[in-house]
$ cat target38.cif   # mmCIF, C-alpha atoms
data_run
loop_
_atom_site.label_atom_id
_atom_site.label_comp_id
_atom_site.auth_asym_id
_atom_site.auth_seq_id
_atom_site.Cartn_x
_atom_site.Cartn_y
_atom_site.Cartn_z
CA MET Z 7 -21.76 21.40 44.50
CA ARG Z 8 -23.33 18.00 44.07
CA ARG Z 9 -24.69 19.06 40.70
CA SER Z 10 -21.21 20.18 39.63
CA PHE Z 11 -19.77 16.82 40.65
CA LEU Z 12 -22.42 14.96 38.66
CA LEU Z 13 -21.64 17.09 35.60
CA LEU Z 14 -17.91 16.50 36.05
CA LEU Z 15 -18.49 12.77 36.34
CA ALA Z 16 -20.72 12.78 33.28
CA PHE Z 17 -18.08 14.47 31.11
CA ALA Z 18 -15.06 12.73 32.61
CA PRO Z 19 -14.70 10.12 29.82
CA ILE Z 20 -13.99 12.86 27.26
CA ALA Z 21 -10.83 13.82 29.09
CA CYS Z 22 -9.51 10.26 29.09
CA GLN Z 23 -6.66 9.61 26.68
CA PRO Z 24 -5.30 6.23 25.64
CA VAL Z 25 -1.98 5.46 27.25
CA ALA Z 26 0.80 4.51 24.86
CA GLU Z 27 2.45 1.20 25.54
CA PRO Z 28 6.19 1.28 26.09
CA GLY Z 29 8.25 0.39 23.01
CA ILE Z 30 9.16 -3.28 22.56
CA ASP Z 31 11.84 -4.52 20.21
CA PRO Z 32 9.89 -6.79 17.85
CA GLY Z 33 12.97 -8.77 16.76
CA PRO Z 34 13.17 -10.37 13.31
CA PRO Z 35 9.85 -10.49 11.45
CA THR Z 36 7.85 -13.68 11.71
CA ALA Z 37 6.57 -15.43 8.59
CA ARG Z 38 3.14 -13.96 9.26
CA GLN Z 39 4.60 -10.44 9.56
CA LEU Z 40 6.48 -10.94 6.29
CA TYR Z 41 3.23 -11.99 4.64
CA MET Z 42 1.44 -8.93 5.99
CA ALA Z 43 4.20 -6.58 4.88
CA ARG Z 44 5.04 -8.00 1.45
CA CYS Z 45 2.23 -10.19 0.20
CA ILE Z 46 -1.19 -8.85 1.15
CA ALA Z 47 -1.35 -6.16 -1.54
CA CYS Z 48 -1.91 -8.93 -4.09
CA HIS Z 49 -2.68 -12.11 -2.15
CA GLN Z 50 -4.90 -10.33 0.43
CA VAL Z 51 -5.00 -11.17 4.13
CA ASP Z 52 -7.11 -14.29 3.52
CA GLY Z 53 -5.19 -15.39 0.42
CA SER Z 54 -8.17 -14.73 -1.83
CA GLY Z 55 -6.11 -12.82 -4.42
CA ILE Z 56 -7.36 -10.28 -6.96
CA PRO Z 57 -9.65 -11.12 -9.88
CA ALA Z 58 -7.74 -11.25 -13.20
CA ILE Z 59 -4.43 -10.42 -11.48
CA CYS Z 60 -3.61 -12.83 -8.65
CA PRO Z 61 -5.17 -16.29 -8.18
CA PRO Z 62 -6.32 -17.48 -4.75
CA LEU Z 63 -3.68 -19.11 -2.59
CA PRO Z 64 -5.80 -21.60 -0.62
CA THR Z 65 -6.67 -23.55 -3.79
CA SER Z 66 -3.26 -23.23 -5.45
CA PRO Z 67 -1.98 -26.56 -6.79
CA LYS Z 68 1.50 -25.36 -5.78
CA LEU Z 69 0.52 -25.95 -2.16
CA THR Z 70 -0.11 -29.63 -2.79
CA SER Z 71 2.73 -30.35 -5.22
CA PRO Z 72 6.41 -30.91 -4.30
CA PRO Z 73 7.76 -27.80 -2.55
CA GLU Z 74 10.58 -27.14 -5.05
CA ASP Z 75 8.21 -25.21 -7.35
CA LEU Z 76 7.08 -23.00 -4.51
CA ILE Z 77 10.67 -22.34 -3.43
CA ARG Z 78 11.58 -21.37 -7.01
CA ILE Z 79 8.63 -18.99 -7.20
CA LEU Z 80 9.59 -17.24 -3.98
CA LEU Z 81 13.22 -16.95 -5.09
CA LEU Z 82 12.76 -15.96 -8.75
CA GLY Z 83 9.26 -14.53 -8.83
CA MET Z 84 6.92 -15.17 -11.72
CA LYS Z 85 4.99 -13.18 -14.27
CA GLY Z 86 2.42 -13.96 -16.89
CA ARG Z 87 -0.78 -15.82 -17.49
CA ILE Z 88 -2.27 -18.46 -15.21
CA VAL Z 89 -5.55 -20.22 -15.97
CA ARG Z 90 -7.20 -21.87 -13.03
CA ASP Z 91 -10.70 -23.29 -12.80
CA GLY Z 92 -11.62 -21.51 -16.03
CA LYS Z 93 -10.44 -18.12 -14.78
CA THR Z 94 -7.46 -16.27 -16.21
CA PHE Z 95 -5.03 -14.32 -14.07
CA CYS Z 96 -2.17 -12.20 -15.37
CA GLY Z 97 0.08 -10.63 -12.77
CA ILE Z 98 3.58 -10.48 -11.45
CA MET Z 99 5.01 -12.04 -8.31
CA PRO Z 100 8.13 -10.31 -6.90
CA ALA Z 101 11.39 -12.25 -6.59
CA TRP Z 102 12.60 -12.42 -3.00
CA LYS Z 103 16.04 -13.99 -3.52
CA PHE Z 104 17.84 -10.73 -2.73
CA ASP Z 105 15.84 -9.88 0.38
CA LEU Z 106 14.90 -13.05 2.18
CA ASN Z 107 17.40 -15.59 3.43
CA ASP Z 108 16.94 -19.35 3.17
CA GLY Z 109 15.40 -19.63 6.62
CA GLN Z 110 12.90 -16.84 5.98
CA ILE Z 111 11.78 -18.40 2.70
CA ALA Z 112 11.38 -21.79 4.39
CA GLU Z 113 9.35 -20.19 7.18
CA ALA Z 114 7.20 -18.26 4.70
CA ILE Z 115 6.32 -21.45 2.82
CA ASN Z 116 5.69 -23.39 6.01
CA ASP Z 117 3.34 -20.61 7.10
CA LEU Z 118 1.39 -21.04 3.84
CA TYR Z 119 1.26 -24.80 4.45
CA ALA Z 120 0.08 -24.27 8.04
CA ARG Z 121 -2.84 -22.21 6.81
CA TRP Z 122 -3.90 -24.00 3.66
CA ASN Z 123 -2.32 -27.45 3.58
CA PRO Z 124 -1.51 -28.47 7.14
CA GLY Z 125 -0.50 -31.98 6.17
CA ALA Z 126 2.35 -30.89 3.91
CA PRO Z 127 5.90 -31.84 4.91
CA GLN Z 128 7.96 -28.94 6.24
CA VAL Z 129 10.35 -27.04 3.99
CA THR Z 130 13.83 -26.76 5.47
CA GLU Z 131 16.49 -24.10 5.17
CA GLU Z 132 18.69 -26.70 3.47
CA MET Z 133 16.10 -27.32 0.75
CA VAL Z 134 15.92 -23.59 0.01
CA ARG Z 135 19.72 -23.32 -0.06
CA ARG Z 136 19.88 -26.11 -2.64
CA ILE Z 137 17.25 -24.55 -4.91
CA ARG Z 138 18.91 -21.15 -4.54
CA GLU Z 139 22.18 -22.61 -5.82
CA GLU Z 140 20.48 -24.46 -8.65
CA THR Z 141 18.67 -21.33 -9.84
CA ALA Z 142 21.51 -18.86 -9.27
CA SER Z 143 22.03 -18.17 -12.97
CA GLN Z 144 18.37 -18.27 -13.96
CA LYS Z 145 16.56 -15.14 -15.06
CA LEU Z 146 13.96 -13.62 -12.77
CA PHE Z 147 10.26 -13.78 -13.48
CA PRO Z 148 9.88 -17.01 -15.44
CA THR Z 149 6.52 -17.56 -17.09
CA PRO Z 150 4.25 -19.77 -14.99
CA LYS Z 151 3.57 -23.31 -16.05
CA GLU Z 152 -0.07 -23.93 -16.84
CA GLU Z 153 -2.01 -25.01 -13.77
CA MET X 18 -46.43 31.39 49.08
CA ALA X 19 -43.97 28.92 50.56
CA ARG X 20 -43.95 25.48 48.94
CA PRO X 21 -43.94 22.40 51.17
CA LYS X 22 -40.57 20.68 51.82
CA HIS X 23 -41.50 17.47 49.99
CA SER X 24 -42.16 19.56 46.88
CA ASP X 25 -38.58 21.01 47.05
CA ALA X 26 -37.11 17.53 47.31
CA ARG X 27 -39.21 16.38 44.35
CA SER X 28 -38.08 19.36 42.27
CA ARG X 29 -34.44 18.61 43.11
CA ARG X 30 -34.93 14.98 42.15
CA ILE X 31 -36.52 15.97 38.84
CA GLY X 32 -33.64 18.40 38.24
CA LEU X 33 -31.08 15.66 38.81
CA ILE X 34 -32.96 13.30 36.52
CA ILE X 35 -32.99 15.96 33.78
CA ILE X 36 -29.23 16.55 34.23
CA ALA X 37 -28.53 12.83 34.13
CA ALA X 38 -30.70 12.44 31.01
CA CYS X 39 -28.90 15.33 29.33
CA ALA X 40 -25.56 13.77 30.23
CA VAL X 41 -26.63 10.44 28.77
CA VAL X 42 -27.48 12.17 25.49
CA ALA X 43 -24.68 14.75 25.52
CA VAL X 44 -21.73 12.53 26.39
CA PRO X 45 -21.97 10.20 23.38
CA ALA X 46 -22.75 13.19 21.14
CA LEU X 47 -19.67 15.03 22.35
CA VAL X 48 -17.53 11.92 22.09
CA VAL X 49 -18.61 11.55 18.45
CA LEU X 50 -18.07 15.26 17.85
CA PHE X 51 -14.56 15.13 19.30
CA ALA X 52 -13.77 11.98 17.33
CA VAL X 53 -14.88 13.61 14.07
CA ALA X 54 -13.00 16.81 14.86
CA GLY X 55 -9.97 14.77 15.83
CA LYS X 56 -10.11 12.85 12.57
CA SER X 57 -10.29 15.94 10.42
CA SER X 58 -7.20 17.35 12.12
CA SER X 59 -5.43 14.01 12.45
CA PRO X 60 -1.90 13.81 11.07
CA TRP X 61 -1.43 12.72 7.50
CA PHE X 62 -0.18 9.19 7.11
CA GLY X 63 2.65 10.19 4.80
CA GLN X 64 5.07 13.05 5.30
CA TYR X 65 2.86 16.03 4.56
CA ASP X 66 4.22 19.25 3.07
CA PRO X 67 2.05 22.15 4.22
CA ASP X 68 3.83 24.61 1.92
CA THR X 69 3.18 24.93 -1.77
CA HIS X 70 5.98 23.42 -3.84
CA PRO X 71 5.06 22.88 -7.49
CA ALA X 72 6.08 19.40 -8.63
CA TYR X 73 8.43 19.28 -11.62
CA ASN X 74 6.48 19.39 -14.86
CA PHE X 75 8.02 16.37 -16.60
CA SER X 76 7.33 15.61 -20.25
CA LEU X 77 7.79 11.89 -20.96
CA THR X 78 6.36 9.11 -23.12
CA ASP X 79 3.73 6.69 -21.87
CA GLN X 80 3.20 3.01 -22.70
CA ASP X 81 1.09 3.96 -25.73
CA GLY X 82 3.74 6.29 -27.14
CA ARG X 83 1.92 9.46 -26.14
CA THR X 84 3.63 12.44 -24.55
CA VAL X 85 2.48 12.99 -20.98
CA ARG X 86 3.28 16.15 -19.03
CA LEU X 87 2.47 16.56 -15.37
CA GLN X 88 0.45 19.65 -16.21
CA ASP X 89 -1.82 17.46 -18.35
CA LEU X 90 -2.85 15.75 -15.11
CA ARG X 91 -4.14 18.90 -13.36
CA GLY X 92 -7.34 18.21 -11.50
CA GLN X 93 -6.11 14.73 -10.56
CA ALA X 94 -4.21 13.45 -7.57
CA VAL X 95 -1.02 11.79 -8.81
CA LEU X 96 0.76 8.95 -7.02
CA LEU X 97 4.24 8.97 -8.52
CA ALA X 98 6.94 6.33 -8.14
CA PHE X 99 10.27 5.69 -9.86
CA GLY X 100 11.60 2.24 -10.72
CA PHE X 101 12.22 -0.24 -13.53
CA THR X 102 10.39 -3.21 -14.93
CA ARG X 103 13.14 -5.77 -14.21
CA CYS X 104 13.18 -4.79 -10.52
CA ALA X 105 13.02 -7.96 -8.46
CA ASN X 106 10.75 -6.87 -5.66
CA ILE X 107 10.66 -3.16 -4.74
CA CYS X 108 8.83 -2.04 -7.89
CA PRO X 109 6.32 -4.90 -8.09
CA THR X 110 5.60 -4.47 -4.40
CA THR X 111 5.25 -0.70 -4.73
CA LEU X 112 2.92 -0.97 -7.70
CA GLY X 113 1.00 -3.83 -6.07
CA ASN X 114 0.40 -1.63 -3.04
CA LEU X 115 -0.55 1.39 -5.17
CA ALA X 116 -2.98 -0.85 -7.06
CA ALA X 117 -4.50 -1.81 -3.70
CA VAL X 118 -4.76 1.88 -2.76
CA TYR X 119 -6.46 2.57 -6.09
CA ARG X 120 -8.96 -0.26 -5.60
CA LYS X 121 -9.92 1.18 -2.22
CA LEU X 122 -10.91 4.54 -3.72
CA PRO X 123 -14.54 5.06 -4.68
CA PRO X 124 -15.11 5.23 -8.47
CA ALA X 125 -15.39 9.03 -8.52
CA ALA X 126 -12.05 9.32 -6.73
CA GLN X 127 -10.47 6.75 -9.05
CA GLU X 128 -11.46 8.98 -11.97
CA ARG X 129 -9.50 11.79 -10.33
CA THR X 130 -6.44 9.76 -9.38
CA LYS X 131 -3.53 8.79 -11.61
CA VAL X 132 -0.82 6.33 -10.64
CA VAL X 133 2.35 7.11 -12.57
CA PHE X 134 5.43 4.89 -12.72
CA ILE X 135 8.54 6.49 -14.24
CA SER X 136 11.15 4.01 -15.41
CA VAL X 137 14.76 4.94 -14.72
CA ASP X 138 15.99 2.07 -16.91
CA GLU X 139 17.08 2.85 -20.47
CA ARG X 140 16.15 -0.76 -21.40
CA ASP X 141 12.48 0.00 -20.69
CA SER X 142 10.64 1.09 -23.83
CA PRO X 143 6.97 2.03 -24.15
CA ALA X 144 6.41 -1.54 -25.38
CA THR X 145 8.06 -2.94 -22.22
CA LEU X 146 5.84 -0.75 -20.08
CA LYS X 147 2.81 -1.73 -22.12
CA GLU X 148 3.40 -5.34 -21.07
CA TYR X 149 4.33 -4.51 -17.46
CA ILE X 150 1.75 -1.95 -16.32
CA PRO X 151 -1.36 -4.18 -16.75
CA PHE X 152 0.15 -6.67 -14.28
CA PHE X 153 -1.02 -4.14 -11.69
CA ASN X 154 -3.76 -2.02 -13.23
CA GLU X 155 -4.48 -1.16 -16.85
CA ARG X 156 -5.34 2.40 -15.87
CA PHE X 157 -1.88 3.11 -14.50
CA THR X 158 0.57 5.13 -16.55
CA GLY X 159 4.12 3.97 -17.23
CA LEU X 160 6.52 6.61 -18.47
CA THR X 161 9.89 6.47 -20.13
CA GLY X 162 12.09 8.91 -22.01
CA VAL X 163 15.61 9.71 -23.12
CA PRO X 164 18.16 9.31 -20.30
CA ALA X 165 18.68 13.08 -19.98
CA ASP X 166 14.98 13.70 -19.39
CA ILE X 167 14.69 10.79 -16.98
CA GLY X 168 17.75 12.06 -15.08
CA THR X 169 16.38 15.61 -14.87
CA THR X 170 12.98 14.34 -13.72
CA ALA X 171 14.46 12.01 -11.11
CA ARG X 172 16.70 14.76 -9.71
CA ALA X 173 13.78 17.19 -9.57
CA TYR X 174 11.87 14.70 -7.39
CA GLY X 175 14.90 13.83 -5.27
CA ALA X 176 14.98 10.30 -6.69
CA PHE X 177 18.26 8.44 -6.92
CA PHE X 178 19.27 5.60 -9.24
CA ARG X 179 22.41 3.87 -10.46
CA LYS X 180 23.28 0.76 -12.39
CA ALA X 181 24.10 -2.19 -10.12
CA ASP X 182 25.74 -5.57 -10.66
CA ALA X 183 24.61 -8.06 -13.27
CA VAL X 184 22.42 -10.83 -11.86
CA GLY X 185 24.22 -13.67 -13.66
CA SER X 186 26.81 -14.08 -16.38
CA ASP X 187 24.76 -11.97 -18.81
CA LYS X 188 26.10 -8.40 -18.44
CA SER X 189 22.91 -6.91 -19.86
CA ASP X 190 20.87 -8.52 -17.08
CA TYR X 191 21.77 -5.96 -14.41
CA MET X 192 19.75 -4.49 -11.58
CA ILE X 193 19.34 -0.80 -10.79
CA ASP X 194 19.64 0.57 -7.28
CA HIS X 195 17.03 3.26 -6.81
CA SER X 196 15.25 5.25 -4.14
CA THR X 197 11.83 3.97 -3.17
CA TYR X 198 9.77 7.00 -2.20
CA THR X 199 6.28 7.56 -3.58
CA HIS X 200 4.99 11.11 -4.02
CA LEU X 201 1.39 12.21 -3.75
CA ILE X 202 0.93 15.30 -5.93
CA ASP X 203 -2.23 17.33 -5.40
CA PRO X 204 -4.66 18.26 -8.22
CA ASP X 205 -3.00 21.67 -8.54
CA GLY X 206 0.35 20.04 -9.27
CA ASN X 207 2.00 20.60 -5.90
CA LEU X 208 4.11 18.10 -3.98
CA ARG X 209 1.90 17.29 -1.02
CA VAL X 210 2.72 13.96 0.69
CA LEU X 211 5.72 11.64 0.59
CA TYR X 212 5.65 7.94 1.51
CA ARG X 213 8.48 5.65 2.49
CA PHE X 214 8.46 2.19 0.94
CA GLU X 215 7.76 0.63 4.35
CA GLN X 216 4.54 2.67 4.62
CA LEU X 217 3.04 1.42 1.37
CA PRO X 218 1.34 -1.72 2.76
CA GLU X 219 -0.89 0.64 4.80
CA THR X 220 -3.11 1.07 1.78
CA ASP X 221 -6.21 2.20 3.74
CA LYS X 222 -4.30 5.11 5.21
CA ILE X 223 -2.79 6.14 1.88
CA ALA X 224 -6.26 6.00 0.30
CA ASP X 225 -7.46 8.32 3.09
CA ASP X 226 -4.64 10.76 2.25
CA VAL X 227 -5.59 10.66 -1.44
CA LEU X 228 -9.24 11.36 -0.61
CA ARG X 229 -8.18 14.22 1.61
CA VAL X 230 -6.04 15.76 -1.13
CA LEU X 231 -8.95 15.42 -3.57
CA ALA X 232 -11.43 16.89 -1.08
CA ALA X 233 -9.23 19.95 -0.60
CA GLN X 234 -9.47 20.70 -4.33
CA PRO X 235 -12.91 19.70 -5.66
CA PRO X 236 -13.35 19.37 -9.41
CA LYS X 237 -13.50 22.73 -11.19
CA ASN X 238 -16.92 22.01 -12.70
CA GLN X 239 -18.48 21.62 -9.25
CA PRO X 240 -19.88 24.64 -7.41
#
$ encode --input "target38.cif" --output "structure tokens"
Amino acid sequence: MRRSFLLLLAFAPIACQPVAEPGIDPGPPTARQLYMARCIACHQVDGSGIPAICPPLPTSPKLTSPPEDLIRILLLGMKGRIVRDGKTFCGIMPAWKFDLNDGQIAEAINDLYARWNPGAPQVTEEMVRRIREETASQKLFPTPKEE
Amino acid sequence: MARPKHSDARSRRIGLIIIAACAVVAVPALVVLFAVAGKSSSPWFGQYDPDTHPAYNFSLTDQDGRTVRLQDLRGQAVLLAFGFTRCANICPTTLGNLAAVYRKLPPAAQERTKVVFISVDERDSPATLKEYIPFFNERFTGLTGVPADIGTTARAYGAFFRKADAVGSDKSDYMIDHSTYTHLIDPDGNLRVLYRFEQLPETDKIADDVLRVLAAQPPKNQP
């Protein structure tokens, strides 16, 4: 009897199953969730990019220059050759103007600032709205300016 | 001859120690065994088709002007997506994710995997694809063809597309609405797994599916 109990106790963990957590409505995606869903394939979780395709984000001069360039890139995308620190990258950045609203684009950029240039002034929804209007008739995927 | 009582107690104690020692060894071994067994029978990440449905044997033109038929790709797993090179975000994101899947495959599996992008846009020529495909991976294949062949191929794979509004004042600068599924075709040319666009960022899991498809059909020159 006692032996049986010891055996049962010894094998008990095998019968344990994880308990599913009840469903929670996640609400609108946060900037970090947007990054994880739409950006990591190229930029990677840590922003390190892909050799020859996508340059690293943490050292991007776009993060330390006026935010208008960054807003334009998120709205219109970009494709072509970038040379940075002697390395050449040639890839394509999707254009998010049809999918992300002004607030989401502002949040996405502020999230990049928070991680890699914490001192940068915050981008506002109004700034994105203005650039969206200015670039409304521009073609998608402009060629990047040399960095 | 009767053994003394203290000898019985000692034997029982030794027995319990042996059982406990066996349990200490057996429990982790069984946990690992169950985990491995569970993994091998775990659900596929994409929507798996257990039946055998041959994928449509398209015959289209690649970015180098060569004719590519699906049957030419026998022995390889094929990740197949439809789209167009001017697509603002769905196609670059899809191909970016498929490139990430491809990078996660070991070299031997990469050799047996083909990523194929079929353009549904009559503006896309082999030359357009030749410029576009390397943005993701030079080993990917971009395909185009006459509208009738593209239409037949898209219908055969359940893909949908239609011309949408122009982006600006230039009427030739229009978008195309299109479905966003990605097919995984097995090395025997059968439709095997289907992925929704939202699943594509889970590149580790898709790579696992690809490896599983490849493992089910080892190369013909192997015993």
$ closest_residue --input "target38.cif" --among "X:Asn106, X:Leu217, X:Ala144, X:Asp79" --to "Phe104 (chain Z)" --atoms "all atoms listed in the file"
X:Asn106
$ residues_around --input "target38.cif" --residues "Arg91 (chain X)" --least-positions-apart "4" --cutoff "8 Å" --atoms "only C-alpha atoms" --output "VMD selection string"
chain X and resid 87 204 to 206
$ closest_atom_pairs --input "target38.cif" --of "chain Z" --to "chain X" --cutoff "6 Å" --atoms "only C-alpha atoms" --output "tab-separated table"
residue	atom	partner	partner_atom	distance
Z:Ala16	CA	X:Ala40	CA	5.8
Z:Ala47	CA	X:Asn114	CA	5.1
Z:Gly97	CA	X:Phe152	CA	4.2
Z:Ile98	CA	X:Phe152	CA	5.9
Z:Pro100	CA	X:Asn106	CA	4.5
Z:Ala101	CA	X:Ala105	CA	5.0
Z:Ser143	CA	X:Gly185	CA	5.1
$ write_last_selection --input "target38.cif" --atoms "C-alpha atoms" --output "compact mmCIF listing (two decimals), in the coordinates of the input"
# COMPACT_ATOMS: atom_id res chain seq x y z
CA ALA Z 16 -20.72 12.78 33.28
CA ALA Z 47 -1.35 -6.16 -1.54
CA GLY Z 97 0.08 -10.63 -12.77
CA ILE Z 98 3.58 -10.48 -11.45
CA PRO Z 100 8.13 -10.31 -6.90
CA ALA Z 101 11.39 -12.25 -6.59
CA SER Z 143 22.03 -18.17 -12.97
$ atom_distance --input "target38.cif" --atom1 "CA of Thr130 (chain X)" --atom2 "CA of Ile193 (chain X)"
27.9 Å
$ closest_residue --input "target38.cif" --among "X:Ala165, X:Tyr119, X:Leu146, X:Ala72" --to "Asp225 (chain X)" --atoms "only C-alpha atoms"
X:Tyr119
$ resolve_selection --input "target38.cif" --expression "the PyMOL selection byres ((chain Z and resi 118) around 12)" --output "PyMOL selection string"
chain Z and resi 37-38+40-41+45+49+51-53+63-66+68-70+73+76-77+80+111-117+119-129
$ resolve_selection --input "target38.cif" --expression "the PyMOL selection byres ((chain Z and resi 131) around 9)" --output "PDB file with C-alpha atoms, in the frame of the given file"
ATOM      1  CA  ASN Z 107      17.400 -15.590   3.430  1.00  0.00           C
ATOM      2  CA  ASP Z 108      16.940 -19.350   3.170  1.00  0.00           C
ATOM      3  CA  GLY Z 109      15.400 -19.630   6.620  1.00  0.00           C
ATOM      4  CA  GLN Z 110      12.900 -16.840   5.980  1.00  0.00           C
ATOM      5  CA  ILE Z 111      11.780 -18.400   2.700  1.00  0.00           C
ATOM      6  CA  ALA Z 112      11.380 -21.790   4.390  1.00  0.00           C
ATOM      7  CA  GLU Z 113       9.350 -20.190   7.180  1.00  0.00           C
ATOM      8  CA  VAL Z 129      10.350 -27.040   3.990  1.00  0.00           C
ATOM      9  CA  THR Z 130      13.830 -26.760   5.470  1.00  0.00           C
ATOM     10  CA  GLU Z 132      18.690 -26.700   3.470  1.00  0.00           C
ATOM     11  CA  MET Z 133      16.100 -27.320   0.750  1.00  0.00           C
ATOM     12  CA  VAL Z 134      15.920 -23.590   0.010  1.00  0.00           C
ATOM     13  CA  ARG Z 135      19.720 -23.320  -0.060  1.00  0.00           C
ATOM     14  CA  ARG Z 136      19.880 -26.110  -2.640  1.00  0.00           C
TER      15      ARG Z 136
END
$ atom_distance --input "target38.cif" --atom1 "CA of Gly175 (chain X)" --atom2 "CA of Gln127 (chain X)"
26.6 Å
$ atom_distance --input "target38.cif" --atom1 "CA of Leu96 (chain X)" --atom2 "CA of Lys131 (chain X)"
6.3 Å
$ residues_near_point --input "target38.cif" --point "(1.5, -21.0, -15.9)" --cutoff "12 Å" --atoms "all atoms listed in the file" --output "CSV table (one decimal) with C-alpha atoms, in the frame of the given file"
chain,number,residue,atom,x,y,z
Z,61,PRO,CA,-5.2,-16.3,-8.2
Z,66,SER,CA,-3.3,-23.2,-5.4
Z,67,PRO,CA,-2.0,-26.6,-6.8
Z,68,LYS,CA,1.5,-25.4,-5.8
Z,75,ASP,CA,8.2,-25.2,-7.4
Z,79,ILE,CA,8.6,-19.0,-7.2
Z,84,MET,CA,6.9,-15.2,-11.7
Z,85,LYS,CA,5.0,-13.2,-14.3
Z,86,GLY,CA,2.4,-14.0,-16.9
Z,87,ARG,CA,-0.8,-15.8,-17.5
Z,88,ILE,CA,-2.3,-18.5,-15.2
Z,89,VAL,CA,-5.6,-20.2,-16.0
Z,90,ARG,CA,-7.2,-21.9,-13.0
Z,94,THR,CA,-7.5,-16.3,-16.2
Z,95,PHE,CA,-5.0,-14.3,-14.1
Z,96,CYS,CA,-2.2,-12.2,-15.4
Z,97,GLY,CA,0.1,-10.6,-12.8
Z,98,ILE,CA,3.6,-10.5,-11.4
Z,147,PHE,CA,10.3,-13.8,-13.5
Z,148,PRO,CA,9.9,-17.0,-15.4
Z,149,THR,CA,6.5,-17.6,-17.1
Z,150,PRO,CA,4.2,-19.8,-15.0
Z,151,LYS,CA,3.6,-23.3,-16.0
Z,152,GLU,CA,-0.1,-23.9,-16.8
Z,153,GLU,CA,-2.0,-25.0,-13.8
$ resolve_selection --input "target38.cif" --expression "the PyMOL selection byres ((chain X and resi 143) around 7)" --output "ChimeraX atom specification"
/X:79-82,141-142,144-147,161
$ write_last_selection --input "target38.cif" --atoms "C-alpha atoms" --output "mmCIF file, in the coordinates of the input"
data_model
loop_
_atom_site.group_PDB
_atom_site.id
_atom_site.type_symbol
_atom_site.label_atom_id
_atom_site.label_comp_id
_atom_site.auth_asym_id
_atom_site.auth_seq_id
_atom_site.Cartn_x
_atom_site.Cartn_y
_atom_site.Cartn_z
ATOM 1 C CA ASP X 79 3.730 6.690 -21.870
ATOM 2 C CA GLN X 80 3.200 3.010 -22.700
ATOM 3 C CA ASP X 81 1.090 3.960 -25.730
ATOM 4 C CA GLY X 82 3.740 6.290 -27.140
ATOM 5 C CA ASP X 141 12.480 0.000 -20.690
ATOM 6 C CA SER X 142 10.640 1.090 -23.830
ATOM 7 C CA ALA X 144 6.410 -1.540 -25.380
ATOM 8 C CA THR X 145 8.060 -2.940 -22.220
ATOM 9 C CA LEU X 146 5.840 -0.750 -20.080
ATOM 10 C CA LYS X 147 2.810 -1.730 -22.120
ATOM 11 C CA THR X 161 9.890 6.470 -20.130
#
$ closest_residue --input "target38.cif" --among "X:Ala126, X:Ala171, X:Ala98, X:Ile135" --to "Pro236 (chain X)" --atoms "all atoms listed in the file"
X:Ala126
$ decode --input "target38.cif" --residues "region 206-217 of chain X" --atoms "N, CA and C atoms" --output "PDB file, in the first residue's frame"
ATOM      1  N   GLY X 206       4.885  17.749 -54.195  1.00  0.00           N
ATOM      2  CA  GLY X 206       4.006  18.641 -54.943  1.00  0.00           C
ATOM      3  C   GLY X 206       2.582  18.687 -54.431  1.00  0.00           C
ATOM      4  N   ASN X 207       2.379  18.347 -53.168  1.00  0.00           N
ATOM      5  CA  ASN X 207       1.033  18.392 -52.593  1.00  0.00           C
ATOM      6  C   ASN X 207       0.864  19.596 -51.678  1.00  0.00           C
ATOM      7  N   LEU X 208      -0.331  20.180 -51.709  1.00  0.00           N
ATOM      8  CA  LEU X 208      -0.652  21.262 -50.774  1.00  0.00           C
ATOM      9  C   LEU X 208      -0.643  20.667 -49.374  1.00  0.00           C
ATOM     10  N   ARG X 209       0.143  21.235 -48.473  1.00  0.00           N
ATOM     11  CA  ARG X 209       0.272  20.586 -47.171  1.00  0.00           C
ATOM     12  C   ARG X 209      -0.132  21.504 -46.015  1.00  0.00           C
ATOM     13  N   VAL X 210       0.344  22.741 -46.013  1.00  0.00           N
ATOM     14  CA  VAL X 210       0.047  23.653 -44.890  1.00  0.00           C
ATOM     15  C   VAL X 210      -0.280  25.035 -45.455  1.00  0.00           C
ATOM     16  N   LEU X 211      -1.214  25.699 -44.799  1.00  0.00           N
ATOM     17  CA  LEU X 211      -1.623  27.042 -45.220  1.00  0.00           C
ATOM     18  C   LEU X 211      -1.431  28.006 -44.044  1.00  0.00           C
ATOM     19  N   TYR X 212      -0.867  29.172 -44.317  1.00  0.00           N
ATOM     20  CA  TYR X 212      -0.638  30.158 -43.254  1.00  0.00           C
ATOM     21  C   TYR X 212      -1.407  31.433 -43.534  1.00  0.00           C
ATOM     22  N   ARG X 213      -2.011  31.959 -42.487  1.00  0.00           N
ATOM     23  CA  ARG X 213      -2.617  33.292 -42.577  1.00  0.00           C
ATOM     24  C   ARG X 213      -1.502  34.328 -42.437  1.00  0.00           C
ATOM     25  N   PHE X 214      -1.732  35.492 -42.984  1.00  0.00           N
ATOM     26  CA  PHE X 214      -0.743  36.572 -42.920  1.00  0.00           C
ATOM     27  C   PHE X 214      -0.326  36.858 -41.472  1.00  0.00           C
ATOM     28  N   GLU X 215      -1.298  36.828 -40.566  1.00  0.00           N
ATOM     29  CA  GLU X 215      -1.013  37.158 -39.160  1.00  0.00           C
ATOM     30  C   GLU X 215      -0.081  36.132 -38.519  1.00  0.00           C
ATOM     31  N   GLN X 216       0.003  34.935 -39.099  1.00  0.00           N
ATOM     32  CA  GLN X 216       0.865  33.899 -38.521  1.00  0.00           C
ATOM     33  C   GLN X 216       2.325  34.053 -38.945  1.00  0.00           C
ATOM     34  N   LEU X 217       2.565  34.803 -39.993  1.00  0.00           N
ATOM     35  CA  LEU X 217       3.902  34.807 -40.597  1.00  0.00           C
ATOM     36  C   LEU X 217       5.027  35.314 -39.681  1.00  0.00           C
TER      37      LEU X 217
END
